[in-house]
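Structure file run_39.cif with mmCIF, C-alpha atoms:
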```
data_model
loop_
_atom_site.label_atom_id
_atom_site.label_comp_id
_atom_site.auth_asym_id
_atom_site.auth_seq_id
_atom_site.Cartn_x
_atom_site.Cartn_y
_atom_site.Cartn_z
CA MET L 12 -42.24 -30.41 9.58
CA SER L 13 -40.19 -27.67 7.92
CA ALA L 14 -36.58 -27.15 8.93
CA TRP L 15 -37.46 -23.90 10.67
CA THR L 16 -40.26 -25.60 12.62
CA ILE L 17 -37.78 -28.24 13.79
CA VAL L 18 -35.23 -25.58 14.79
CA LEU L 19 -37.73 -23.43 16.70
CA LEU L 20 -39.70 -26.27 18.28
CA SER L 21 -36.62 -28.10 19.57
CA SER L 22 -35.26 -24.80 20.90
CA ALA L 23 -38.52 -23.92 22.67
CA LEU L 24 -38.71 -27.35 24.30
CA ALA L 25 -35.06 -27.20 25.36
CA TYR L 26 -35.62 -23.80 26.97
CA ALA L 27 -38.82 -24.93 28.66
CA THR L 28 -36.94 -27.88 30.16
CA LYS L 29 -34.18 -25.65 31.51
CA LEU L 30 -36.63 -23.12 32.94
CA ALA L 31 -38.74 -25.87 34.50
CA GLY L 32 -35.78 -26.77 36.71
CA TYR L 33 -35.93 -23.27 38.19
CA LEU L 34 -39.69 -23.46 38.77
CA VAL L 35 -40.69 -26.99 39.82
CA PRO L 36 -40.30 -28.33 43.34
CA GLU L 37 -37.30 -30.60 43.71
CA SER L 38 -39.52 -33.35 45.10
CA TRP L 39 -40.65 -34.09 41.54
CA VAL L 40 -37.38 -35.77 40.72
CA GLU L 41 -36.44 -37.03 44.16
CA GLY L 42 -35.87 -40.68 44.92
CA PRO L 43 -32.90 -42.85 43.99
CA ARG L 44 -34.67 -44.81 41.25
CA ARG L 45 -36.06 -41.80 39.48
CA SER L 46 -32.78 -39.91 39.62
CA ARG L 47 -30.89 -43.01 38.42
CA VAL L 48 -33.14 -43.30 35.36
CA LEU L 49 -32.70 -39.59 34.64
CA THR L 50 -28.91 -39.85 34.96
CA LEU L 51 -28.79 -42.83 32.61
CA LEU L 52 -31.08 -41.22 30.03
CA PRO L 53 -28.34 -39.32 28.15
CA VAL L 54 -26.13 -42.44 28.23
CA ALA L 55 -28.84 -44.49 26.50
CA LEU L 56 -29.69 -41.84 23.91
CA LEU L 57 -26.06 -41.06 23.06
CA ALA L 58 -25.24 -44.79 22.76
CA GLY L 59 -28.24 -45.21 20.46
CA LEU L 60 -27.08 -42.26 18.37
CA VAL L 61 -23.55 -43.71 18.11
CA ALA L 62 -24.99 -47.04 16.93
CA VAL L 63 -27.35 -45.53 14.37
CA GLN L 64 -24.84 -42.98 13.08
CA THR L 65 -22.17 -45.67 12.71
CA PHE L 66 -24.17 -48.46 11.08
CA GLY L 67 -27.41 -46.90 9.83
CA GLY L 68 -28.14 -46.47 6.12
CA GLN L 69 -31.08 -45.70 3.88
CA GLY L 70 -34.42 -46.89 5.26
CA GLY L 71 -32.97 -48.37 8.44
CA SER L 72 -30.63 -50.87 6.79
CA LEU L 73 -27.33 -51.54 8.57
CA HIS L 74 -23.90 -51.26 6.96
CA VAL L 75 -20.27 -51.69 7.91
CA ASP L 76 -18.25 -49.00 6.15
CA ALA L 77 -15.70 -46.22 6.66
CA ARG L 78 -17.73 -44.83 9.57
CA LEU L 79 -16.79 -47.83 11.72
CA GLY L 80 -13.10 -47.08 11.14
CA ALA L 81 -13.79 -43.48 12.13
CA VAL L 82 -15.47 -44.46 15.39
CA ALA L 83 -12.67 -46.91 16.20
CA CYS L 84 -10.22 -44.03 15.70
CA ALA L 85 -12.37 -41.83 17.95
CA ILE L 86 -12.27 -44.44 20.73
CA VAL L 87 -8.48 -44.72 20.49
CA LEU L 88 -8.15 -40.92 20.66
CA LEU L 89 -10.55 -40.73 23.62
CA ARG L 90 -8.51 -43.37 25.46
CA LEU L 91 -5.48 -41.14 24.86
CA ARG L 92 -7.48 -38.32 26.46
CA ALA L 93 -7.52 -36.26 23.28
CA ASN L 94 -9.58 -33.09 23.12
CA PHE L 95 -13.11 -33.27 21.60
CA LEU L 96 -12.11 -31.41 18.43
CA VAL L 97 -9.08 -33.65 17.86
CA VAL L 98 -11.37 -36.69 18.20
CA VAL L 99 -13.94 -35.37 15.72
CA ILE L 100 -11.42 -34.16 13.13
CA GLY L 101 -9.28 -37.31 13.48
CA ALA L 102 -12.34 -39.51 12.93
CA ALA L 103 -13.44 -37.52 9.89
CA ALA L 104 -9.93 -37.78 8.44
CA VAL L 105 -9.93 -41.57 8.88
CA ALA L 106 -13.31 -41.88 7.12
CA ALA L 107 -12.18 -39.57 4.31
CA GLY L 108 -8.92 -41.54 3.96
CA LEU L 109 -10.69 -44.92 3.86
CA ARG L 110 -13.09 -43.63 1.22
CA ALA L 111 -10.30 -42.12 -0.84
CA ALA L 112 -8.64 -45.56 -0.69
CA GLY L 113 -11.85 -47.03 -2.09
CA TRP L 114 -13.40 -48.67 1.00
CA GLY L 115 -16.83 -47.79 2.44
CA MET A 23 -22.37 -28.85 25.95
CA THR A 24 -20.72 -32.14 26.63
CA ALA A 25 -20.19 -33.99 29.78
CA SER A 26 -16.44 -33.64 29.52
CA ALA A 27 -16.66 -31.50 32.59
CA ALA A 28 -17.71 -33.41 35.67
CA GLU A 29 -21.35 -33.84 36.48
CA PRO A 30 -22.61 -31.77 39.36
CA ARG A 31 -22.70 -32.89 42.96
CA GLY A 32 -25.64 -31.39 44.77
CA GLU A 33 -24.47 -32.25 48.24
CA ASP A 34 -21.55 -29.83 48.20
CA VAL A 35 -23.72 -26.80 47.77
CA ALA A 36 -25.17 -26.62 51.23
CA GLU A 37 -21.73 -26.37 52.85
CA GLY A 38 -21.11 -23.01 51.22
CA GLU A 39 -24.37 -21.42 52.32
CA HIS A 40 -23.05 -19.38 55.22
CA THR A 41 -20.50 -17.68 52.97
CA ALA A 42 -23.12 -16.47 50.51
CA TYR A 43 -22.88 -12.80 51.38
CA LEU A 44 -19.22 -12.42 52.24
CA PRO A 45 -17.06 -10.69 49.63
CA ILE A 46 -15.08 -13.09 47.47
CA ASP A 47 -11.34 -12.61 47.91
CA GLY A 48 -9.10 -11.61 45.02
CA ALA A 49 -7.11 -14.80 44.61
CA LYS A 50 -10.20 -16.97 44.67
CA ARG A 51 -12.00 -14.69 42.25
CA LYS A 52 -9.08 -14.97 39.84
CA ALA A 53 -9.02 -18.76 40.15
CA VAL A 54 -12.74 -19.02 39.41
CA LEU A 55 -12.43 -16.64 36.46
CA ARG A 56 -9.51 -18.58 35.04
CA GLN A 57 -11.33 -21.90 35.33
CA SER A 58 -14.55 -20.49 33.84
CA LEU A 59 -12.82 -18.86 30.88
CA SER A 60 -10.74 -21.92 30.05
CA VAL A 61 -13.75 -24.25 30.18
CA GLY A 62 -15.79 -21.74 28.20
CA ILE A 63 -13.25 -21.26 25.43
CA ALA A 64 -12.35 -24.96 25.15
CA THR A 65 -16.01 -25.94 24.90
CA GLY A 66 -16.97 -23.08 22.61
CA ALA A 67 -14.23 -24.12 20.20
CA TYR A 68 -16.00 -27.27 19.15
CA GLY A 69 -18.97 -25.28 18.02
CA ILE A 70 -16.99 -25.41 14.76
CA SER A 71 -17.74 -29.12 14.39
CA PHE A 72 -21.43 -28.52 15.04
CA GLY A 73 -21.54 -25.74 12.43
CA ALA A 74 -19.95 -27.95 9.77
CA LEU A 75 -22.27 -30.87 10.56
CA GLY A 76 -25.34 -28.62 10.58
CA VAL A 77 -24.89 -27.49 6.98
CA ALA A 78 -23.76 -31.01 5.97
CA ALA A 79 -27.13 -32.26 7.27
CA GLY A 80 -28.91 -29.87 4.92
CA LEU A 81 -29.71 -26.94 7.22
CA THR A 82 -28.93 -23.42 6.01
CA THR A 83 -26.19 -21.40 7.71
CA LEU A 84 -28.86 -19.29 9.42
CA GLN A 85 -30.76 -22.35 10.70
CA THR A 86 -27.53 -23.89 11.99
CA VAL A 87 -26.58 -20.71 13.85
CA ALA A 88 -30.15 -20.35 15.14
CA LEU A 89 -29.89 -23.80 16.74
CA SER A 90 -26.74 -22.73 18.59
CA VAL A 91 -28.23 -19.42 19.74
CA LEU A 92 -31.69 -20.69 20.65
CA LEU A 93 -31.34 -24.36 21.57
CA PHE A 94 -27.88 -23.92 23.11
CA SER A 95 -27.25 -27.46 24.33
CA GLY A 96 -24.60 -29.35 22.38
CA GLY A 97 -25.89 -32.91 22.73
CA SER A 98 -29.38 -31.92 21.63
CA GLN A 99 -28.04 -29.85 18.74
CA PHE A 100 -25.89 -32.73 17.46
CA ALA A 101 -28.94 -35.00 17.82
CA VAL A 102 -31.12 -32.73 15.68
CA VAL A 103 -28.61 -32.50 12.82
CA GLY A 104 -27.56 -36.15 13.18
CA ILE A 105 -31.12 -37.43 12.82
CA LEU A 106 -32.03 -35.01 10.03
CA GLY A 107 -28.79 -35.86 8.22
CA ALA A 108 -29.60 -39.57 8.44
CA GLY A 109 -33.02 -38.98 6.89
CA GLY A 110 -35.06 -39.10 10.10
CA THR A 111 -38.31 -37.19 10.56
CA GLY A 112 -38.60 -33.80 12.22
CA SER A 113 -40.61 -35.22 15.09
CA ALA A 114 -37.92 -37.83 15.82
CA ALA A 115 -35.28 -35.07 15.79
CA VAL A 116 -37.30 -32.86 18.14
CA ALA A 117 -38.15 -35.74 20.49
CA THR A 118 -34.55 -36.97 20.77
CA SER A 119 -33.27 -33.45 21.28
CA THR A 120 -35.79 -32.86 24.06
CA LEU A 121 -35.10 -36.16 25.82
CA LEU A 122 -31.36 -35.44 25.73
CA GLY A 123 -32.03 -31.96 27.11
CA LEU A 124 -33.93 -33.21 30.16
CA ARG A 125 -30.64 -33.31 32.09
CA ASN A 126 -30.44 -29.52 31.85
CA GLY A 127 -33.66 -29.37 33.87
CA LEU A 128 -31.97 -31.49 36.54
CA TYR A 129 -28.95 -29.19 36.54
CA ALA A 130 -31.30 -26.23 36.98
CA LEU A 131 -32.65 -27.74 40.20
CA GLN A 132 -29.12 -27.46 41.61
CA THR A 133 -28.06 -24.15 40.09
CA SER A 134 -31.30 -22.46 41.18
CA ARG A 135 -30.28 -23.13 44.79
CA ILE A 136 -26.86 -21.55 44.21
CA LEU A 137 -28.00 -18.62 42.09
CA GLN A 138 -31.23 -17.62 43.85
CA VAL A 139 -32.24 -15.54 40.83
CA HIS A 140 -35.60 -14.08 39.89
CA GLY A 141 -37.23 -12.18 37.05
CA LEU A 142 -35.19 -11.49 33.93
CA ARG A 143 -32.00 -12.89 35.42
CA ARG A 144 -33.74 -16.20 36.01
CA LEU A 145 -34.86 -16.30 32.37
CA LEU A 146 -31.27 -15.66 31.27
CA ALA A 147 -29.82 -18.13 33.79
CA ALA A 148 -32.14 -20.85 32.47
CA HIS A 149 -30.81 -20.40 28.94
CA VAL A 150 -27.17 -20.86 29.95
CA THR A 151 -27.87 -23.81 32.28
CA ILE A 152 -25.82 -26.51 30.53
CA ASP A 153 -23.25 -29.20 31.41
CA GLU A 154 -20.29 -26.82 31.74
CA SER A 155 -21.83 -23.90 33.63
CA THR A 156 -23.38 -26.34 36.10
CA ALA A 157 -20.17 -28.31 36.60
CA VAL A 158 -18.07 -25.19 37.28
CA SER A 159 -20.73 -23.65 39.51
CA VAL A 160 -21.42 -26.72 41.63
CA GLY A 161 -17.69 -27.45 41.91
CA GLN A 162 -16.98 -24.25 43.88
CA ASP A 163 -16.79 -24.41 47.66
CA ASP A 164 -18.83 -21.30 48.38
CA ARG A 165 -21.92 -19.82 46.88
CA ARG A 166 -20.42 -16.53 45.70
CA ALA A 167 -17.77 -18.38 43.75
CA GLY A 168 -20.45 -20.73 42.46
CA ARG A 169 -22.48 -17.83 41.10
CA LEU A 170 -19.46 -16.22 39.47
CA GLY A 171 -18.42 -19.54 37.94
CA PHE A 172 -21.91 -20.18 36.58
CA TRP A 173 -22.28 -16.85 34.83
CA VAL A 174 -18.76 -16.51 33.46
CA THR A 175 -18.68 -20.10 32.19
CA GLY A 176 -22.20 -19.97 30.75
CA LEU A 177 -21.72 -16.66 28.95
CA THR A 178 -18.23 -17.54 27.68
CA VAL A 179 -19.46 -20.83 26.23
CA PHE A 180 -22.41 -18.98 24.69
CA ALA A 181 -20.20 -16.39 22.98
CA PHE A 182 -17.59 -18.83 21.65
CA TRP A 183 -20.02 -21.62 20.78
CA ASN A 184 -22.07 -19.32 18.59
CA ALA A 185 -19.10 -17.62 16.94
CA MET A 186 -17.51 -21.00 16.19
CA THR A 187 -20.80 -22.42 14.91
CA LEU A 188 -20.86 -19.66 12.31
CA VAL A 189 -17.24 -20.39 11.36
CA GLY A 190 -18.03 -24.10 11.11
CA ALA A 191 -21.09 -23.50 8.94
CA LEU A 192 -19.06 -21.36 6.55
CA VAL A 193 -16.27 -23.96 6.44
CA GLY A 194 -18.85 -26.73 5.92
CA ASN A 195 -20.41 -24.87 2.99
CA ALA A 196 -16.97 -24.33 1.45
CA LEU A 197 -16.06 -28.03 1.78
CA GLY A 198 -18.96 -29.26 -0.36
CA ASP A 199 -19.64 -33.03 -0.41
CA PRO A 200 -19.83 -34.00 3.27
CA GLN A 201 -19.13 -37.71 2.64
CA ARG A 202 -15.86 -37.02 0.85
CA TRP A 203 -14.58 -35.21 3.93
CA GLY A 204 -15.90 -37.82 6.34
CA LEU A 205 -18.34 -35.40 7.95
CA ASP A 206 -21.02 -38.09 8.33
CA ALA A 207 -18.51 -40.15 10.31
CA ALA A 208 -17.61 -37.06 12.33
CA ALA A 209 -21.18 -37.08 13.68
CA ALA A 210 -20.73 -40.64 14.98
CA ALA A 211 -17.40 -39.61 16.52
CA ALA A 212 -18.97 -36.55 18.16
CA PHE A 213 -21.63 -38.71 19.82
CA THR A 214 -18.91 -41.12 20.96
CA ALA A 215 -17.00 -38.23 22.53
CA LEU A 216 -20.15 -36.94 24.24
CA LEU A 217 -20.90 -40.42 25.59
CA TRP A 218 -17.36 -41.25 26.75
CA PRO A 219 -17.15 -39.24 30.00
CA ARG A 220 -20.54 -40.59 31.11
CA LEU A 221 -19.38 -44.21 31.12
CA ARG A 222 -17.93 -44.16 34.61
CA SER A 223 -20.26 -46.63 36.33
CA ARG A 224 -21.19 -50.21 35.55
CA ASP A 225 -24.83 -49.14 35.31
CA ALA A 226 -23.82 -46.68 32.61
CA ALA A 227 -21.90 -49.37 30.73
CA ALA A 228 -24.86 -51.76 30.98
CA THR A 229 -27.19 -49.01 29.73
CA MET A 230 -24.89 -48.37 26.79
CA VAL A 231 -24.77 -52.03 25.72
CA LEU A 232 -28.53 -52.41 26.03
CA ALA A 233 -29.17 -49.15 24.17
CA ILE A 234 -26.90 -50.15 21.28
CA ALA A 235 -28.71 -53.50 21.05
CA VAL A 236 -32.13 -51.82 21.06
CA ALA A 237 -31.10 -49.28 18.41
CA LEU A 238 -29.54 -51.82 16.04
CA LEU A 239 -32.22 -54.50 16.42
CA THR A 240 -35.10 -52.08 15.82
CA SER A 241 -33.44 -50.02 13.06
CA PRO A 242 -34.54 -52.27 10.17
CA LEU A 243 -38.13 -52.33 11.50
CA LEU A 244 -38.90 -48.72 12.47
CA PRO A 245 -38.65 -45.28 10.83
CA VAL A 246 -35.24 -43.57 11.13
CA GLY A 247 -34.97 -41.73 14.45
CA VAL A 248 -37.45 -43.90 16.35
CA PRO A 249 -34.88 -46.55 17.40
CA VAL A 250 -32.88 -43.85 19.19
CA ILE A 251 -35.96 -42.77 21.13
CA LEU A 252 -36.63 -46.40 22.08
CA THR A 253 -33.23 -46.55 23.82
CA VAL A 254 -34.94 -44.70 26.67
CA LEU A 255 -36.08 -48.22 27.65
CA ALA A 256 -32.45 -49.12 28.37
CA ALA A 257 -32.16 -46.26 30.87
CA VAL A 258 -35.46 -47.20 32.49
CA VAL A 259 -34.66 -50.92 32.77
CA VAL A 260 -31.15 -50.40 34.16
CA GLY A 261 -32.16 -47.44 36.32
CA LEU A 262 -35.06 -49.25 37.98
CA SER A 263 -33.28 -52.57 38.46
CA GLY A 264 -29.73 -51.36 39.06
CA GLY A 265 -28.06 -49.74 42.02
CA GLY A 266 -27.25 -51.89 45.06
CA ARG A 267 -26.16 -54.90 43.06
CA HIS A 268 -23.44 -53.24 41.03
CA GLU A 269 -22.24 -50.46 43.26
CA SER A 270 -23.12 -48.11 46.07
CA PRO A 271 -26.10 -45.83 45.44
CA LEU A 272 -25.89 -43.04 42.95
CA PRO A 273 -23.78 -39.95 43.56
CA GLN A 274 -20.57 -41.90 44.22
CA ASP A 275 -20.15 -42.74 40.54
CA VAL A 276 -19.68 -39.06 39.77
CA PRO A 277 -16.07 -37.92 39.37
#
```
What would you get if you wrote out this structure as structure tokens?
Amino acid sequence: MSAWTIVLLSSALAYATKLAGYLVPESWVEGPRRSRVLTLLPVALLAGLVAVQTFGGQGGSLHVDARLGAVACAIVLLRLRANFLVVVIGAAAVAAGLRAAGWG
Amino acid sequence: MTASAAEPRGEDVAEGEHTAYLPIDGAKRKAVLRQSLSVGIATGAYGISFGALGVAAGLTTLQTVALSVLLFSGGSQFAVVGILGAGGTGSAAVATSTLLGLRNGLYALQTSRILQVHGLRRLLAAHVTIDESTAVSVGQDDRRAGRLGFWVTGLTVFAFWNAMTLVGALVGNALGDPQRWGLDAAAAAAFTALLWPRLRSRDAAATMVLAIAVALLTSPLLPVGVPVILTVLAAVVVGLSGGGRHESPLPQDVP
């Protein structure tokens, strides 16, 4: 898949999903179990992304390196109720600092 | 784009129905505008981090900006560049993006009741149906205010998010080596920040732990990107078995 195909296909599917909410009957997603699964879906995917982005390396191998320090910093900043940008930039700075110091 | 704003609460909408066609008074209008603009600008600002990560993942500036204009849903956009940057396949990137975007369809079920739009306006409303526009809209106590909040928030985020994506892409290109600047770690931090506000219930915490276990255990065995898609199992298992035991049924865990 070329980069442009990925960009356009993911955009088309995202738009179709949004529009579907304006067109389909609400009964399709009614029911406590179904709505609970749908609410938890982004939690699962984002947690999986955090795990893979923090530990994942070439070919699916797992590593502990500067990224773990960055995520730890992000969690501290989030607990302090820092703004999203502060969290992201702070984490990047920690990773850059650890690497400059020769770790990870 | 993120869930930093509260998730919507469908039940509140019906209460405002009878006020739908009354004029909205000046003070209230101002309050809604102020809230919408501040949410829109604050959210749009972190388009800069997406722009930088997009080019760090190997997309061109134009492709990165196109994702912000056309996909316009932060979590999904970060997923696309995160998976591509980690060496995942295009289909894994598209699938994860789409699964993450399913929540926008749920938001649309609620905003369609508030907006009552048709034709071209409906097509436009669909595009700006995201975490923030929904949260501001559903949080208002009457339907007029809800409509105003939806449009002003959605369009403000759209304008700032895209402008800041371009800035971020240009900055990212100027920085060069993404690892040296910790940009790969910034992706992990961005996902952490997107996840954080969603961890308000014990079911959510259980889902997170299970999802991390699934992703890490399957990573060495499966192509990059697939383990993230498999975490859907965590949502299904907790969603179907949870409730009742841990807490009262759903909407109460929403702020």
If I take CA of Gly80 in chain L and CA of Trp183 in chain A, how far is one from the other in Å, to one decimal?
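Between these atoms lies a distance of 28.1 Å.
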Could you tell me how far CA of Ala104 in chain L lies from CA of Gly204 in chain A, in Å and to one decimal?
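Distance reported for this atom pair: 6.3 Å.
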Show me, as a VMD selection string, the residues of chain L whose atoms get within 6 Å of chain A, using all atoms listed in the file for the distance check.
chain L and resid 12 17 to 18 21 to 22 25 28 to 30 32 to 33 44 47 to 48 51 to 53 55 to 59 61 to 62 64 to 65 71 to 72 78 82 85 96 99 102 to 103 106 to 107
Selected residue, from L:Cys84, L:Leu49, L:Leu60, L:Val35, that lies nearest to Ile100 in chain L when counting all atoms listed in the file
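For Ile100 in chain L, the nearest of the given residues is L:Cys84.
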Report, in Å to a single decimal, how far apart CA of Ala157 in chain A and CA of Gly141 in chain A are.
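We find that CA of Gly141 in chain A and CA of Ala157 in chain A lie 23.5 Å from each other.
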Quick check on the file I pasted: which residues fall under the PyMOL selection byres ((chain A and resi 159) around 12)? Write them as a short mmCIF file (atom, residue, chain, number, x, y, z; two decimals) with C-alpha atoms, in the coordinates of the input.
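After the write, part13.cif holds the following:
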```cif
data_model
loop_
_atom_site.label_atom_id
_atom_site.label_comp_id
_atom_site.auth_asym_id
_atom_site.auth_seq_id
_atom_site.Cartn_x
_atom_site.Cartn_y
_atom_site.Cartn_z
CA ALA A 27 -16.66 -31.50 32.59
CA ALA A 28 -17.71 -33.41 35.67
CA GLU A 29 -21.35 -33.84 36.48
CA PRO A 30 -22.61 -31.77 39.36
CA ARG A 31 -22.70 -32.89 42.96
CA GLY A 32 -25.64 -31.39 44.77
CA ASP A 34 -21.55 -29.83 48.20
CA VAL A 35 -23.72 -26.80 47.77
CA GLY A 38 -21.11 -23.01 51.22
CA VAL A 54 -12.74 -19.02 39.41
CA LEU A 55 -12.43 -16.64 36.46
CA GLN A 57 -11.33 -21.90 35.33
CA SER A 58 -14.55 -20.49 33.84
CA VAL A 61 -13.75 -24.25 30.18
CA TYR A 129 -28.95 -29.19 36.54
CA ALA A 130 -31.30 -26.23 36.98
CA GLN A 132 -29.12 -27.46 41.61
CA THR A 133 -28.06 -24.15 40.09
CA SER A 134 -31.30 -22.46 41.18
CA ARG A 135 -30.28 -23.13 44.79
CA ILE A 136 -26.86 -21.55 44.21
CA LEU A 137 -28.00 -18.62 42.09
CA VAL A 150 -27.17 -20.86 29.95
CA THR A 151 -27.87 -23.81 32.28
CA ILE A 152 -25.82 -26.51 30.53
CA ASP A 153 -23.25 -29.20 31.41
CA GLU A 154 -20.29 -26.82 31.74
CA SER A 155 -21.83 -23.90 33.63
CA THR A 156 -23.38 -26.34 36.10
CA ALA A 157 -20.17 -28.31 36.60
CA VAL A 158 -18.07 -25.19 37.28
CA VAL A 160 -21.42 -26.72 41.63
CA GLY A 161 -17.69 -27.45 41.91
CA GLN A 162 -16.98 -24.25 43.88
CA ASP A 163 -16.79 -24.41 47.66
CA ASP A 164 -18.83 -21.30 48.38
CA ARG A 165 -21.92 -19.82 46.88
CA ARG A 166 -20.42 -16.53 45.70
CA ALA A 167 -17.77 -18.38 43.75
CA GLY A 168 -20.45 -20.73 42.46
CA ARG A 169 -22.48 -17.83 41.10
CA LEU A 170 -19.46 -16.22 39.47
CA GLY A 171 -18.42 -19.54 37.94
CA PHE A 172 -21.91 -20.18 36.58
CA TRP A 173 -22.28 -16.85 34.83
CA VAL A 174 -18.76 -16.51 33.46
CA THR A 175 -18.68 -20.10 32.19
CA GLY A 176 -22.20 -19.97 30.75
#
```
Draw an axis-aligned box over all listed atoms of range 40-51 of chain L, pad each side with 4 Å, and write its centre and edge lengths in Å, one decimal, as AutoDock Vina command-line options.
```
--center_x -33.1 --center_y -40.3 --center_z 38.8 --size_x 16.6 --size_y 17.0 --size_z 20.3
```
I need every residue sitting at most 12 Å from the point (-15.8, -12.6, 25.2) (coordinates as in the file, all atoms listed in the file considered), written as a PyMOL selection string.
chain A and resi 58-60+62-63+66+174-185
